[in-house]
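A.B. asks: Got a structure for you, model28.tsv, holding TSV, C-alpha atoms and all ligand atoms.
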```tsv
chain	number	residue	atom	x	y	z
A	1	MET	CA	0.00	0.00	0.00
A	2	ILE	CA	1.18	3.51	-0.80
A	3	TYR	CA	-0.81	5.83	1.42
A	4	MET	CA	-1.49	9.23	-0.15
A	5	ASP	CA	-4.66	10.18	1.73
A	6	ASN	CA	-3.15	12.05	4.67
A	7	ALA	CA	-5.60	14.94	4.29
A	8	ALA	CA	-8.35	12.50	5.31
A	9	THR	CA	-6.36	11.07	8.20
A	10	SER	CA	-2.64	10.60	8.63
A	11	PHE	CA	-1.13	7.13	8.35
A	12	PRO	CA	0.80	5.35	9.72
A	13	LYS	CA	0.42	6.44	13.32
A	14	PRO	CA	3.84	6.43	15.01
A	15	PRO	CA	4.52	3.40	17.25
A	16	GLU	CA	4.77	5.72	20.28
A	17	VAL	CA	1.18	6.82	19.63
A	18	ILE	CA	-0.09	3.25	19.39
A	19	ALA	CA	1.81	2.34	22.58
A	20	ALA	CA	0.37	5.34	24.47
A	21	VAL	CA	-3.22	4.51	23.41
A	22	THR	CA	-2.74	0.87	24.41
A	23	ALA	CA	-1.23	1.75	27.78
A	24	ALA	CA	-4.04	4.21	28.55
A	25	LEU	CA	-6.70	1.66	27.56
A	26	ALA	CA	-5.14	-0.82	29.96
A	27	ALA	CA	-5.53	1.60	32.89
A	28	PRO	CA	-8.66	2.91	34.64
A	29	ALA	CA	-9.43	6.37	33.30
A	30	SER	CA	-11.78	8.94	34.77
A	31	PRO	CA	-9.63	12.07	34.77
A	32	GLY	CA	-10.78	14.96	36.93
A	33	ARG	CA	-13.43	12.81	38.59
A	34	SER	CA	-12.02	10.66	41.37
A	35	SER	CA	-9.05	11.37	43.61
A	36	HIS	CA	-7.40	7.94	43.42
A	37	ALA	CA	-4.03	7.44	41.80
A	38	ALA	CA	-5.42	6.09	38.49
A	39	SER	CA	-7.68	9.10	38.03
A	40	LEU	CA	-4.81	11.46	38.78
A	41	ALA	CA	-2.58	9.61	36.31
A	42	ALA	CA	-5.27	9.98	33.61
A	43	ALA	CA	-5.54	13.70	34.39
A	44	ARG	CA	-1.76	14.03	33.98
A	45	ILE	CA	-1.99	12.48	30.49
A	46	ILE	CA	-4.62	15.02	29.48
A	47	HIS	CA	-2.57	17.82	30.99
A	48	LYS	CA	0.37	16.69	28.84
A	49	ALA	CA	-1.76	16.74	25.67
A	50	ARG	CA	-3.04	20.23	26.51
A	51	LYS	CA	0.44	21.51	27.32
A	52	ASN	CA	1.98	20.14	24.10
A	53	LEU	CA	-0.85	21.55	21.98
A	54	ALA	CA	-0.49	24.95	23.64
A	55	GLN	CA	3.20	24.90	22.74
A	56	LEU	CA	2.52	23.94	19.11
A	57	PHE	CA	-0.01	26.78	18.73
A	58	GLY	CA	1.82	29.36	20.87
A	59	LEU	CA	-1.05	29.65	23.35
A	60	ALA	CA	-0.20	31.58	26.49
A	61	ASN	CA	-3.16	30.11	28.33
A	62	ASN	CA	-3.71	26.38	27.94
A	63	ILE	CA	-6.67	26.49	30.33
A	64	HIS	CA	-8.60	28.08	27.45
A	65	LEU	CA	-7.97	25.01	25.31
A	66	ALA	CA	-11.01	22.71	25.40
A	67	LEU	CA	-10.51	19.14	24.22
A	68	GLY	CA	-13.21	17.28	22.32
A	69	THR	CA	-13.83	14.68	19.67
A	70	ASN	CA	-12.62	16.35	16.44
A	71	ILE	CA	-12.57	19.67	14.63
A	72	THR	CA	-16.19	19.24	13.54
A	73	TRP	CA	-17.12	19.39	17.22
A	74	ALA	CA	-14.80	22.37	17.74
A	75	LEU	CA	-16.22	24.35	14.80
A	76	ASN	CA	-19.80	23.60	15.82
A	77	GLN	CA	-18.98	24.60	19.39
A	78	ALA	CA	-17.50	27.88	18.20
A	79	LEU	CA	-20.26	28.74	15.73
A	80	SER	CA	-23.17	27.76	17.93
A	81	GLY	CA	-21.54	29.15	21.07
A	82	LEU	CA	-21.23	32.75	19.92
A	83	ASP	CA	-24.23	34.86	20.73
A	84	PHE	CA	-25.35	35.68	17.17
A	85	LYS	CA	-28.50	37.65	16.42
A	86	ALA	CA	-30.60	37.91	13.25
A	87	GLY	CA	-28.86	40.20	10.78
A	88	ASP	CA	-25.34	39.54	12.09
A	89	HIS	CA	-22.87	39.22	9.24
A	90	ILE	CA	-20.26	36.46	8.88
A	91	ILE	CA	-17.55	36.25	6.23
A	92	SER	CA	-15.79	33.02	5.28
A	93	SER	CA	-13.43	31.98	2.54
A	94	SER	CA	-14.98	30.22	-0.46
A	95	LEU	CA	-12.92	27.12	0.33
A	96	GLU	CA	-14.72	25.99	3.48
A	97	HIS	CA	-15.26	22.36	4.40
A	98	ASN	CA	-18.81	21.22	5.18
A	99	SER	CA	-17.90	21.24	8.87
A	100	VAL	CA	-18.02	25.04	8.60
A	101	ALA	CA	-20.44	25.41	5.68
A	102	ARG	CA	-23.21	23.30	7.20
A	103	PRO	CA	-23.24	24.98	10.63
A	104	LEU	CA	-23.10	28.38	8.89
A	105	ASN	CA	-25.94	27.45	6.59
A	106	ARG	CA	-27.94	26.41	9.64
A	107	LEU	CA	-27.29	29.78	11.28
A	108	VAL	CA	-28.55	31.47	8.11
A	109	THR	CA	-31.73	29.44	7.88
A	110	GLU	CA	-32.54	29.15	11.58
A	111	LYS	CA	-31.25	32.46	13.00
A	112	GLY	CA	-31.34	34.81	10.04
A	113	LEU	CA	-27.60	35.46	9.83
A	114	LEU	CA	-26.00	36.86	6.68
A	115	TRP	CA	-23.12	34.75	5.40
A	116	GLU	CA	-20.88	35.83	2.54
A	117	THR	CA	-17.89	34.08	1.01
A	118	ALA	CA	-14.80	35.97	-0.13
A	119	PRO	CA	-13.80	35.68	-3.79
A	120	THR	CA	-10.75	33.73	-4.96
A	121	ASP	CA	-8.63	33.96	-8.09
A	122	GLY	CA	-8.15	31.25	-10.73
A	123	GLN	CA	-5.75	29.29	-8.50
A	124	GLY	CA	-8.05	29.49	-5.48
A	125	LEU	CA	-6.08	32.24	-3.75
A	126	THR	CA	-7.64	34.93	-1.58
A	127	THR	CA	-6.26	38.35	-0.64
A	128	PRO	CA	-6.68	40.24	2.64
A	129	ASP	CA	-8.04	43.15	0.65
A	130	ASP	CA	-11.05	41.06	-0.42
A	131	PHE	CA	-11.96	40.62	3.24
A	132	LYS	CA	-11.39	44.27	4.05
A	133	LYS	CA	-13.83	45.31	1.32
A	134	MET	CA	-16.50	42.95	2.64
A	135	LEU	CA	-16.44	44.19	6.26
A	136	ARG	CA	-19.68	45.79	7.50
A	137	PRO	CA	-20.55	47.34	10.86
A	138	SER	CA	-22.59	44.16	11.49
A	139	THR	CA	-19.70	41.74	10.76
A	140	ARG	CA	-19.37	39.54	13.85
A	141	LEU	CA	-16.96	36.83	12.67
A	142	VAL	CA	-14.53	35.81	9.95
A	143	VAL	CA	-14.08	32.05	9.45
A	144	LEU	CA	-11.15	30.72	7.49
A	145	ASN	CA	-10.15	27.28	6.30
A	146	HIS	CA	-6.41	27.82	6.79
A	147	ALA	CA	-5.56	25.49	3.89
A	148	SER	CA	-7.94	23.93	1.41
A	149	ASN	CA	-8.45	20.22	1.91
A	150	VAL	CA	-9.01	19.95	-1.85
A	151	THR	CA	-6.29	22.04	-3.49
A	152	GLY	CA	-3.84	22.66	-0.63
A	153	ALA	CA	-4.22	26.45	-1.19
A	154	LEU	CA	-3.07	28.39	1.87
A	155	ILE	CA	-5.16	31.32	3.08
A	156	PRO	CA	-3.09	34.31	4.28
A	157	ALA	CA	-4.89	34.07	7.62
A	158	GLN	CA	-2.56	36.25	9.67
A	159	ALA	CA	-2.64	39.04	7.07
A	160	ILE	CA	-6.44	38.78	6.94
A	161	LYS	CA	-6.62	39.12	10.73
A	162	ALA	CA	-4.48	42.26	10.42
A	163	VAL	CA	-7.12	43.91	8.19
A	164	ILE	CA	-10.24	42.74	10.04
A	165	GLY	CA	-9.01	44.17	13.34
A	166	GLU	CA	-11.36	43.57	16.26
A	167	VAL	CA	-13.64	41.19	14.34
A	168	PRO	CA	-12.93	37.72	15.79
A	169	LEU	CA	-11.20	35.18	13.57
A	170	LEU	CA	-12.16	31.49	13.75
A	171	LEU	CA	-9.41	29.41	12.14
A	172	ASP	CA	-9.96	25.85	10.85
A	173	THR	CA	-6.50	24.31	11.11
A	174	ALA	CA	-7.57	20.80	10.04
A	175	GLN	CA	-5.04	20.82	7.20
A	176	THR	CA	-2.33	22.99	8.76
A	177	ALA	CA	-1.90	21.84	12.38
A	178	GLY	CA	1.27	19.78	12.64
A	179	VAL	CA	2.42	20.47	9.08
A	180	PHE	CA	2.58	24.28	8.94
A	181	ASP	CA	4.22	26.44	11.58
A	182	LEU	CA	1.52	27.84	13.88
A	183	ALA	CA	3.84	28.58	16.80
A	184	ASP	CA	2.59	32.18	17.08
A	185	ALA	CA	-1.09	31.53	16.28
A	186	GLY	CA	-2.14	32.40	19.84
A	187	GLN	CA	-1.14	36.00	19.11
A	188	TRP	CA	-3.46	36.55	16.14
A	189	VAL	CA	-6.23	33.92	16.21
A	190	ASP	CA	-9.33	34.38	18.39
A	191	LEU	CA	-10.78	30.88	18.07
A	192	LEU	CA	-8.45	28.09	16.97
A	193	ALA	CA	-10.04	24.76	16.00
A	194	PHE	CA	-7.97	21.63	15.37
A	195	THR	CA	-8.38	17.92	14.79
A	196	GLY	CA	-6.00	15.39	16.31
A	197	HIS	CA	-5.87	12.69	13.64
A	198	LYS	CA	-4.47	14.47	10.57
A	199	GLY	CA	-1.14	16.36	10.65
A	200	LEU	CA	-1.04	16.15	14.44
A	201	LEU	CA	-0.54	12.35	13.98
A	202	GLY	CA	-2.89	11.39	16.80
A	203	PRO	CA	-5.85	8.99	16.93
A	204	THR	CA	-9.29	9.72	15.49
A	205	GLY	CA	-11.80	11.00	18.03
A	206	THR	CA	-9.53	13.79	19.26
A	207	GLY	CA	-9.56	17.52	18.61
A	208	GLY	CA	-10.18	20.79	20.32
A	209	LEU	CA	-10.90	24.49	20.42
A	210	TRP	CA	-8.82	27.26	21.91
A	211	VAL	CA	-10.89	30.26	22.99
A	212	GLY	CA	-9.24	33.68	23.14
A	213	SER	CA	-9.72	35.54	26.39
A	214	ASN	CA	-11.88	38.19	24.63
A	215	LEU	CA	-14.64	35.63	23.95
A	216	THR	CA	-17.15	33.59	25.95
A	217	LEU	CA	-18.96	30.64	24.38
A	218	ARG	CA	-22.25	29.01	25.30
A	219	PRO	CA	-21.51	25.29	25.73
A	220	LEU	CA	-22.77	23.06	22.93
A	221	ILE	CA	-23.52	20.31	25.45
A	222	VAL	CA	-23.72	20.36	29.24
A	223	GLY	CA	-23.28	17.57	31.75
A	224	GLY	CA	-20.85	16.21	34.30
A	225	THR	CA	-17.44	17.83	34.45
A	226	GLY	CA	-16.16	16.66	37.83
A	227	SER	CA	-16.14	20.32	38.93
A	228	ALA	CA	-18.70	22.67	40.57
A	229	SER	CA	-20.86	19.53	40.87
A	230	LYS	CA	-23.44	20.95	43.26
A	231	ASN	CA	-24.73	23.36	40.59
A	232	LEU	CA	-27.35	22.47	38.00
A	233	THR	CA	-25.65	24.84	35.59
A	234	ALA	CA	-22.43	24.21	33.68
A	235	PRO	CA	-19.23	25.59	35.22
A	236	ASN	CA	-18.48	29.07	33.94
A	237	PHE	CA	-14.74	28.50	33.60
A	238	LEU	CA	-12.65	26.97	30.84
A	239	PRO	CA	-11.87	24.30	29.89
A	240	ASP	CA	-14.56	22.60	32.02
A	241	SER	CA	-17.41	24.70	30.59
A	242	LEU	CA	-16.82	23.13	27.14
A	243	GLU	CA	-15.73	19.65	28.27
A	244	ALA	CA	-18.87	17.94	29.61
A	245	GLY	CA	-18.68	14.15	29.81
A	246	THR	CA	-15.84	11.70	30.39
A	247	PRO	CA	-13.07	12.52	27.91
A	248	ASN	CA	-11.49	10.18	25.36
A	249	THR	CA	-8.51	9.54	27.63
A	250	HIS	CA	-6.83	6.86	25.53
A	251	GLY	CA	-7.24	8.97	22.39
A	252	LEU	CA	-5.78	11.97	24.18
A	253	ALA	CA	-2.92	9.81	25.46
A	254	GLY	CA	-2.16	9.07	21.81
A	255	LEU	CA	-2.40	12.76	20.96
A	256	ALA	CA	-0.05	13.62	23.84
A	257	ALA	CA	2.51	11.14	22.45
A	258	ALA	CA	1.99	12.40	18.88
A	259	THR	CA	2.45	16.05	19.80
A	260	GLU	CA	5.59	15.12	21.73
A	261	ILE	CA	6.99	13.71	18.47
A	262	LEU	CA	6.01	16.85	16.54
A	263	LEU	CA	7.69	19.09	19.10
A	264	LYS	CA	10.86	17.00	18.90
A	265	LYS	CA	10.95	16.79	15.11
A	266	GLY	CA	9.93	20.40	14.60
A	267	VAL	CA	6.90	21.34	12.48
A	268	LYS	CA	9.14	23.40	10.17
A	269	ASN	CA	11.16	20.27	9.32
A	270	ILE	CA	7.99	18.28	8.63
A	271	HIS	CA	6.75	21.10	6.40
A	272	ARG	CA	10.05	21.11	4.49
A	273	HIS	CA	9.85	17.36	3.89
A	274	GLU	CA	6.26	17.49	2.66
A	275	MET	CA	6.93	20.46	0.39
A	276	ASN	CA	9.93	18.69	-1.16
A	277	LEU	CA	7.66	15.79	-2.05
A	278	THR	CA	5.02	18.19	-3.38
A	279	SER	CA	7.56	19.97	-5.54
A	280	ILE	CA	8.67	16.68	-7.15
A	281	PHE	CA	5.04	15.70	-7.69
A	282	LEU	CA	3.97	19.01	-9.24
A	283	ASP	CA	6.98	19.03	-11.57
A	284	GLY	CA	6.23	15.47	-12.65
A	285	LEU	CA	2.55	16.18	-13.22
A	286	THR	CA	3.35	18.93	-15.72
A	287	GLN	CA	5.01	16.25	-17.90
A	288	ILE	CA	1.96	13.96	-17.96
A	289	PRO	CA	-0.28	14.50	-20.99
A	290	GLY	CA	-3.86	15.35	-20.02
A	291	ALA	CA	-3.08	15.94	-16.32
A	292	THR	CA	-4.46	19.13	-14.76
A	293	ILE	CA	-3.41	20.48	-11.38
A	294	TRP	CA	-6.20	22.39	-9.60
A	295	GLY	CA	-4.84	24.97	-7.19
A	296	PRO	CA	-1.71	27.04	-6.68
A	297	LEU	CA	1.52	25.99	-8.39
A	298	ASN	CA	3.76	28.17	-6.24
A	299	LEU	CA	4.97	26.20	-3.19
A	300	ALA	CA	4.75	29.27	-0.95
A	301	ASN	CA	0.97	29.37	-1.48
A	302	ARG	CA	0.16	25.76	-0.82
A	303	LEU	CA	0.56	22.61	1.23
A	304	ALA	CA	1.08	18.96	0.30
A	305	VAL	CA	-2.52	18.40	-0.84
A	306	VAL	CA	-2.74	18.16	-4.63
A	307	ALA	CA	-5.96	18.05	-6.67
A	308	VAL	CA	-5.57	16.32	-10.03
A	309	THR	CA	-7.79	15.43	-12.97
A	310	LEU	CA	-6.70	13.29	-15.89
A	311	ARG	CA	-8.27	13.69	-19.34
A	312	GLY	CA	-10.65	10.82	-20.10
A	313	TRP	CA	-10.92	9.70	-16.47
A	314	SER	CA	-13.51	10.46	-13.82
A	315	SER	CA	-12.03	11.18	-10.41
A	316	SER	CA	-13.48	7.98	-8.96
A	317	ASP	CA	-12.26	5.76	-11.82
A	318	LEU	CA	-8.81	7.30	-11.53
A	319	SER	CA	-8.64	6.70	-7.77
A	320	ALA	CA	-9.80	3.11	-8.23
A	321	ALA	CA	-7.24	2.51	-10.99
A	322	LEU	CA	-4.40	3.95	-8.88
A	323	GLU	CA	-5.29	1.54	-6.10
A	324	LYS	CA	-5.73	-1.46	-8.38
A	325	LYS	CA	-2.56	-0.90	-10.38
A	326	ALA	CA	-0.12	0.24	-7.70
A	327	GLY	CA	-1.87	0.13	-4.30
A	328	ILE	CA	-1.95	3.95	-4.19
A	329	LEU	CA	-4.66	5.30	-1.88
A	330	THR	CA	-6.12	8.70	-2.80
A	331	ARG	CA	-9.51	10.36	-2.40
A	332	ALA	CA	-11.90	11.04	-5.26
A	333	GLY	CA	-15.02	13.21	-5.51
A	334	LEU	CA	-15.82	16.36	-3.56
A	335	GLN	CA	-13.81	15.80	-0.35
A	336	CYS	CA	-16.74	17.18	1.75
A	337	ALA	CA	-16.05	20.59	0.23
A	338	PRO	CA	-18.74	21.44	-2.37
A	339	LEU	CA	-18.05	25.18	-1.90
A	340	THR	CA	-14.45	24.69	-3.01
A	341	HIS	CA	-15.53	22.67	-6.04
A	342	ARG	CA	-18.13	25.29	-6.92
A	343	THR	CA	-15.37	27.90	-6.71
A	344	MET	CA	-13.05	25.82	-8.91
A	345	GLY	CA	-15.73	24.75	-11.39
A	346	THR	CA	-15.37	21.03	-10.62
A	347	LEU	CA	-18.65	20.56	-8.77
A	348	LYS	CA	-20.60	19.30	-11.75
A	349	THR	CA	-17.75	17.28	-13.27
A	350	GLY	CA	-17.38	14.85	-10.37
A	351	GLY	CA	-14.62	16.57	-8.43
A	352	VAL	CA	-10.95	15.69	-8.44
A	353	THR	CA	-8.56	12.95	-7.38
A	354	ARG	CA	-6.73	14.20	-4.31
A	355	PHE	CA	-3.20	13.15	-3.43
A	356	SER	CA	-2.10	14.22	0.05
A	357	PHE	CA	1.36	13.54	1.38
A	358	GLY	CA	2.50	13.18	4.95
A	359	LEU	CA	5.55	12.79	7.15
A	360	PHE	CA	6.04	9.15	6.20
A	361	ASN	CA	5.80	9.45	2.41
A	362	THR	CA	9.02	9.15	0.42
A	363	ALA	CA	10.34	10.49	-2.90
A	364	LYS	CA	10.30	6.89	-4.20
A	365	GLU	CA	6.55	6.71	-3.58
A	366	ILE	CA	6.02	10.00	-5.43
A	367	ASP	CA	7.95	8.54	-8.35
A	368	ILE	CA	5.70	5.46	-8.41
A	369	ALA	CA	2.58	7.67	-8.31
A	370	LEU	CA	3.85	9.74	-11.25
A	371	LYS	CA	4.78	6.65	-13.30
A	372	THR	CA	1.39	5.08	-12.60
A	373	LEU	CA	-0.43	8.28	-13.60
A	374	ASP	CA	1.63	8.46	-16.77
A	375	GLN	CA	0.70	4.88	-17.67
A	376	LEU	CA	-2.97	5.55	-16.94
A	377	ALA	CA	-2.85	8.70	-19.09
A	378	GLN	CA	-1.94	6.46	-22.02
A	379	THR	CA	-4.49	3.74	-21.21
A	380	LYS	CA	-7.84	3.44	-22.89
A	381	HIS	CA	-10.40	2.29	-20.33
B	401	LIG	C1	-10.48	21.71	6.24
B	401	LIG	C2	-11.19	20.70	7.06
B	401	LIG	N1	-12.01	21.09	8.04
B	401	LIG	C3	-12.66	20.21	8.81
B	401	LIG	C4	-12.50	18.85	8.63
B	401	LIG	C5	-13.25	17.90	9.53
B	401	LIG	O1	-12.37	17.12	10.27
B	401	LIG	P1	-12.90	16.05	11.33
B	401	LIG	O2	-13.66	15.04	10.53
B	401	LIG	O3	-11.68	15.50	11.95
B	401	LIG	O4	-13.78	16.77	12.28
B	401	LIG	C6	-11.67	18.39	7.63
B	401	LIG	C7	-11.50	16.94	7.39
B	401	LIG	O5	-11.45	16.45	6.30
B	401	LIG	C8	-10.98	19.33	6.82
B	401	LIG	O6	-10.15	18.94	5.86
```
Output the file's structure in the form of structure tokens.
Ligand SMILES: Cc1ncc(COP(=O)(O)O)c(C=O)c1O
C.D. replies:
Amino acid sequence: MIYMDNAATSFPKPPEVIAAVTAALAAPASPGRSSHAASLAAARIIHKARKNLAQLFGLANNIHLALGTNITWALNQALSGLDFKAGDHIISSSLEHNSVARPLNRLVTEKGLLWETAPTDGQGLTTPDDFKKMLRPSTRLVVLNHASNVTGALIPAQAIKAVIGEVPLLLDTAQTAGVFDLADAGQWVDLLAFTGHKGLLGPTGTGGLWVGSNLTLRPLIVGGTGSASKNLTAPNFLPDSLEAGTPNTHGLAGLAAATEILLKKGVKNIHRHEMNLTSIFLDGLTQIPGATIWGPLNLANRLAVVAVTLRGWSSSDLSAALEKKAGILTRAGLQCAPLTHRTMGTLKTGGVTRFSFGLFNTAKEIDIALKTLDQLAQTKH
């Protein structure tokens, strides 16, 4: 198997992550609940995950980092937790994943919010100026997919924050966390959402939301937190207010181990490796007759997620043929991002085949992918 679907979930998981999950599963785990040694040990694991994540994202205050099941939870928590009123205006990029688009659409239909998407150019790039022009007195939030999960296009999120000023920025780091340096994000992001199982190399079922000290969120769910238990209302302090229910301790143990690896390796080094692979792949693709790259060609504007179509092939047939011929795993179709495909013009043509590289891919694997694509380009099917 040649795994090129890291934008869906990263693979393989490092042995340290598997060992940490297994060890945590073999121990009793009710962190923050009981006062016995096993409960305290579980709480220490979660503390380690929170501390490592805070370091990766440059967060001064890791108490404001709520841990949950994935970024879909985090984005829903952020969008439903802000106190929006009918007529409030929200701006997003036009490259949002359905985990932002669907909650936003619900706010439009159920609460009467106004949601506008910023324009992009032919390569799917957005400029801060576009956002500046769209600001209104009623703009309450800007939401950005930091990097497209279809084309790899990077959004200049920090520069956009500089022009939107006091308007809070909610950043979806699903495709950037762990693979793009976010070590100062705490200084310019207001709400930072992440998922644990992609570039952060952790298990599925982990993720979280960091809440800037200027914001208060209404909890998406309420329940037991092991704190302020005599009250029938949720605690009013973070992270407990957003962490009702027994946490996924073994998943978070894996995430603690994974983030330890990232801190040791250095996200900048991981980024360099992935961009080297991307550069080889993009160069090779330009030599393949009938291959089209959707998204930015300049490495500075993108990550290691590459959208490809091949003349004569549907995206799903191409993905299936790559797997059958060479064991290459990719993702076809719309990648849960119809807005992006609408923006690119690939919504009605069945989407693209997405290659996404990770820490464990090699140049040899890129070479095999290019050779296989070249052979398929010359195959009648
Ligand atoms: C940009 C983006 N946002 C959100 C998500 C949702 O991630 P999860 O399923 O881990 O919640 C994804 C996953 O594909 C994504 O690529």
A.B. asks: Using all atoms listed in the file, which protein or nucleic acid residues come within 9 Å of range 87-103 of chain A? Drop anything in the same chain fewer than 6 positions from it, and give the result as a ChimeraX atom specification.
C.D. replies: /A:71-73,75-76,79-80,111-120,124,126,131,134-145,147-150,153,155,172,335-343
A.B. asks: Enclose all atoms of ligand LIG 401 (chain B) listed in the file in an axis-aligned box, grow every side by 5 Å, and hand back centre and edge lengths in Å to one decimal, as lines of an AutoDock Vina configuration file.
C.D. replies:
```
center_x = -12.0
center_y = 18.4
center_z = 9.1
size_x = 13.6
size_y = 16.7
size_z = 16.4
```
A.B. asks: By how many Å are CA of Ala291 in chain A and CA of Leu310 in chain A apart?
C.D. replies: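 Pair CA of Ala291 in chain A / CA of Leu310 in chain A returns 4.5 Å.
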A.B. asks: What is the CA of Pro219 in chain A to CA of Thr204 in chain A distance in Å?
C.D. replies: 22.3 Å
A.B. asks: Counting only C-alpha atoms, what is within 12 Å of Leu322 in chain A, bar same-chain residues fewer than 6 positions away, as a PyMOL selection string?
C.D. replies: chain A and resi 1-4+310+313+315-316+328-332+353-355+368-377
A.B. asks: Give me the residues near Leu252 in chain A as number ranges by chain, where near means some atom within 8 Å (using only C-alpha atoms) and where sequence neighbours in that chain fewer than 2 positions away do not count.
C.D. replies: A: 21, 45-46, 49, 202-203, 206, 248-250, 254-256
A.B. asks: Could you tell me how far CA of Leu104 in chain A lies from atom C4 of ligand LIG 401 (chain B), in Å and to one decimal?
C.D. replies: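 Straight-line distance from CA of Leu104 in chain A to atom C4 of ligand LIG 401 (chain B) works out to 14.3 Å.
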A.B. asks: Kindly indicate which residue among A:Lys264, A:Lys325, A:Lys198, A:Lys132 lies nearest to ligand LIG 401 (chain B), using all atoms listed in the file for the distances.
C.D. replies: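 Counting all atoms listed in the file, the residue closest to ligand LIG 401 (chain B) is A:Lys198.
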A.B. asks: Kindly extract all protein, DNA and RNA residues lying within 10 Å of the coordinates (-22.7, 17.9, 25.6) given in the file, considering all atoms listed in the file, and supply them as a PyMOL selection string.
C.D. replies: chain A and resi 77+219-224+241-245
A.B. asks: Restricting the calculation to only C-alpha atoms, which member of A:Gly226, A:Gly290, A:Asn301, A:Val308 is positioned closest to Ala157 in chain A?
C.D. replies: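 When distances to Ala157 in chain A are compared using only C-alpha atoms, the smallest one comes from A:Asn301.
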A.B. asks: Residues near Ser227 in chain A, anyone? I mean within 9 Å using all atoms listed in the file, not counting same-chain ones fewer than 6 positions away, as a PyMOL selection string.
C.D. replies: chain A and resi 32-33+235+240
A.B. asks: Please determine the residues with any atom at most 9 Å from (-0.6, 5.2, 26.6) (coordinates as given in the file, with all atoms listed in the file counting) and report them as a list in words.
C.D. replies: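 Collected hits near the coordinates: Glu16, Val17, Ile18, Ala19, Ala20, Val21, Thr22, Ala23, Ala24, Leu25, Ala26, Ala27, Ile45, His250, Gly251, Leu252, Ala253, Gly254, Ala256 and Ala257 of chain A.
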